[in-house]
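Working notes, beginning with the structure itself.
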Amino acid sequence: MPEGPEIKRAADELSAAIKGRKLTHVYFAFRHLQGFSDKLRGAKVEDVSSRSKAILTRFDNGLTIYSHNQLYGRWLILPDAEYPDSSRSLRLALHTRDSMALLYSASEIEVIKTSRLNQHPYLSRLGIELLDQDTCLDELVSRFEDERFQRRKLMGLLQDQHFISGMGNYLCCEALHVSGIHPGKCLADLNRQKRQRLAKNCFKLTRQAYITGGITNLITRAEKLRKAGRAFEDYRFHVYRREGLACYKCGASIVKDRFSGKMGYRCPGCQSLDN
Ligand SMILES: [Zn+2]
């Protein structure tokens with residue numbers, strides 16, 4: 001499933017194509033939304049942003065389209081013309097004078113009054129947004145000290161969007177590895193220094209992944225591997241999808257295992273339960 005950085009990049013792309021433009025035509029596949037086509041025609045796109053794994057497209061008429069891509073949803077932006085042939089189901093199309101933004105396969109699409117966004121069941125329960133410009137590291141560090149979250153296993157906790165928002169499976173595995181922490185531990189098992197280090201790495205790696213298009217490995221190392229001819233998927237991570245390969249730090253063989261019911265990756269040398 002795409003994680004915060006991928007969704008934010010999709011929102012940026014959508015924003016570049018339609019922000020500030022008026023909609024000339026809107027298509028909704030879901031019957032219960034079709035009544036909004038007329039209400040949105042002629043409306044200007046004021047903003048496109050992401051919150052966790054949702055994209056919000058805000059209009060100047062007081063309405064916002066909420067879309068959550070889940071696993072398969074994908075935006076495609078093209079010059080305004082006929083819809084392309086696709087095996088995917090077109091769920092939403094936003095047309096402007098010269099381009100069209102097509103959303104395929106997403107199952108969660110809603111049209112909401114912008115003034116009521118804060119009451120939305122998904123949005124209202126989101127934790128600290130790692131990719132929000134206004135989020136600062138101190139705020140995140142305090143979150144990691146909060147009593148309510150001390151007993152949850154980290155593999156589940158870090159991916160829980162109500163705790164912090166923006167990380168999924170790959171960012172979680174990578175942040176735990178860089179912090180030298182076993183995925184089966186809880187915040188309560190760590191000393192304050194380690195909790196701070198983990199908070200900092202969650203913050204740093206999520207932002208790095210947003211800027212670089214998904215690289216959590218050391219930038220210098222990733223660049224070196226890229227120049228040596230390695231494929232993107234082979235140089236972007238420290239441990240994720242690297243089972244059986246040597247840890248860059250200690251040389252131990254990376255293992256793939258299930259932690260708190262989620263598949264993950266760790267280095268047995270750097271991330272032992274005794275650390
Ligand atoms: Zn290691």
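In the structure tokens, the first chain shown is A, the next is B, and so on; residue numbers restart at 1 for each chain, and ligands run from 1 in the order shown.
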Ligand 1: which residues are within 7 Å, counting only C-alpha atoms and all ligand atoms, as a count of residues only? 10
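Counting only C-alpha atoms, A:Leu126 has the following residues at most 7 Å away, ignoring those fewer than 3 positions along the same chain: Tyr122, Leu123, Gln161, His162 and Ser165 of chain A.
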Contact residues around A:Ser105 with only C-alpha atoms at 7 Å, ignoring same-chain residues under 3 positions, as a ChimeraX atom specification: /A:72-74,88-91
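Here atom CA of A:Phe259 is placed at a distance of 24.6 Å from atom CA of A:Arg207.
Near A:Gly180, within a cut-off of 8 Å and counting only C-alpha atoms, sit the residues A:Leu176, A:His177, A:Cys270, A:Gln271, A:Asn275, with same-chain residues fewer than 3 positions away left out.
Computed from the coordinates, the atom CA of A:Ile55 to atom CA of A:Ile7 distance equals 7.3 Å.
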Contacts of stretch 181-195 of chain A within 8 Å, only C-alpha atoms, excl. fewer than 4 positions in-chain, as a PyMOL selection string: chain A and resi 141+144-145+149-155+173+176-177+199+259-260+266+270-273+275
Would you give me, as number ranges by chain, the residues in stretch 89-215 of chain A that DSSP reads as alpha helix (DSSP H)? A: 137-143, 154-157, 169-179, 192-212
Extract the full set of strand (DSSP E or B) residues from stretch 27-87 of chain A according to DSSP on the backbone, and format it as a PDB file with C-alpha atoms, in the first residue's frame.
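Wrote it out as out-v4.pdb, contents follow:
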```pdb
ATOM      1  CA  TYR A  27     -17.602  12.207 -13.630  1.00  0.00           C
ATOM      2  CA  PHE A  28     -18.419   9.990 -10.655  1.00  0.00           C
ATOM      3  CA  LYS A  44     -12.451  26.301  -8.936  1.00  0.00           C
ATOM      4  CA  VAL A  45      -9.889  23.982  -7.299  1.00  0.00           C
ATOM      5  CA  GLU A  46      -8.503  25.916  -4.344  1.00  0.00           C
ATOM      6  CA  ASP A  47      -6.139  23.312  -3.000  1.00  0.00           C
ATOM      7  CA  VAL A  48      -5.032  19.676  -3.209  1.00  0.00           C
ATOM      8  CA  SER A  49      -3.411  18.191  -0.125  1.00  0.00           C
ATOM      9  CA  SER A  50      -2.818  14.873   1.574  1.00  0.00           C
ATOM     10  CA  ARG A  51      -3.618  13.773   5.104  1.00  0.00           C
ATOM     11  CA  ALA A  54      -6.097  10.364   1.932  1.00  0.00           C
ATOM     12  CA  ILE A  55      -6.136  13.112  -0.694  1.00  0.00           C
ATOM     13  CA  LEU A  56      -8.327  16.177  -0.231  1.00  0.00           C
ATOM     14  CA  THR A  57      -9.317  18.245  -3.259  1.00  0.00           C
ATOM     15  CA  ARG A  58     -10.877  21.492  -2.040  1.00  0.00           C
ATOM     16  CA  PHE A  59     -13.127  23.707  -4.151  1.00  0.00           C
ATOM     17  CA  LEU A  63     -17.049  21.314  -0.984  1.00  0.00           C
ATOM     18  CA  THR A  64     -14.072  18.948  -0.773  1.00  0.00           C
ATOM     19  CA  ILE A  65     -13.561  15.591  -2.430  1.00  0.00           C
ATOM     20  CA  TYR A  66     -12.053  13.054  -0.043  1.00  0.00           C
ATOM     21  CA  SER A  67     -10.407  10.053  -1.699  1.00  0.00           C
ATOM     22  CA  HIS A  68      -8.535   7.173  -0.120  1.00  0.00           C
ATOM     23  CA  ARG A  74      -4.223   5.434  -8.711  1.00  0.00           C
ATOM     24  CA  TRP A  75      -4.430   8.916 -10.171  1.00  0.00           C
ATOM     25  CA  LEU A  76      -3.573   9.469 -13.812  1.00  0.00           C
ATOM     26  CA  ILE A  77      -3.202  12.967 -15.224  1.00  0.00           C
ATOM     27  CA  LEU A  78      -3.512  13.491 -18.950  1.00  0.00           C
ATOM     28  CA  PRO A  79      -4.353  16.191 -21.485  1.00  0.00           C
TER      29      PRO A  79
END
```
Tell me, in Å to one decimal, how far atom CA of A:Pro121 is from atom CA of A:Ala106. 17.8 Å
Which is closest to A:Ser86 among A:Tyr235, A:Leu102, A:Arg148, A:Ser115, if we use only C-alpha atoms? A:Leu102
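Candidate residues A:Thr96, A:Glu110, A:Arg125, A:Arg31 were compared for distance to A:Ala43, and the nearest is A:Thr96, using only C-alpha atoms.
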With only C-alpha atoms as the atoms that count, which of A:Leu71, A:Leu40, A:Leu140, A:Ile219 lies nearest to A:Ala93? A:Leu40
For A:Phe30, find every residue with an atom within 9 Å (counting only C-alpha atoms), except residues of its own chain fewer than 3 positions away, and show them as a list in words. Leu33, Gln34, Arg91, Leu92 and Ile109 of chain A
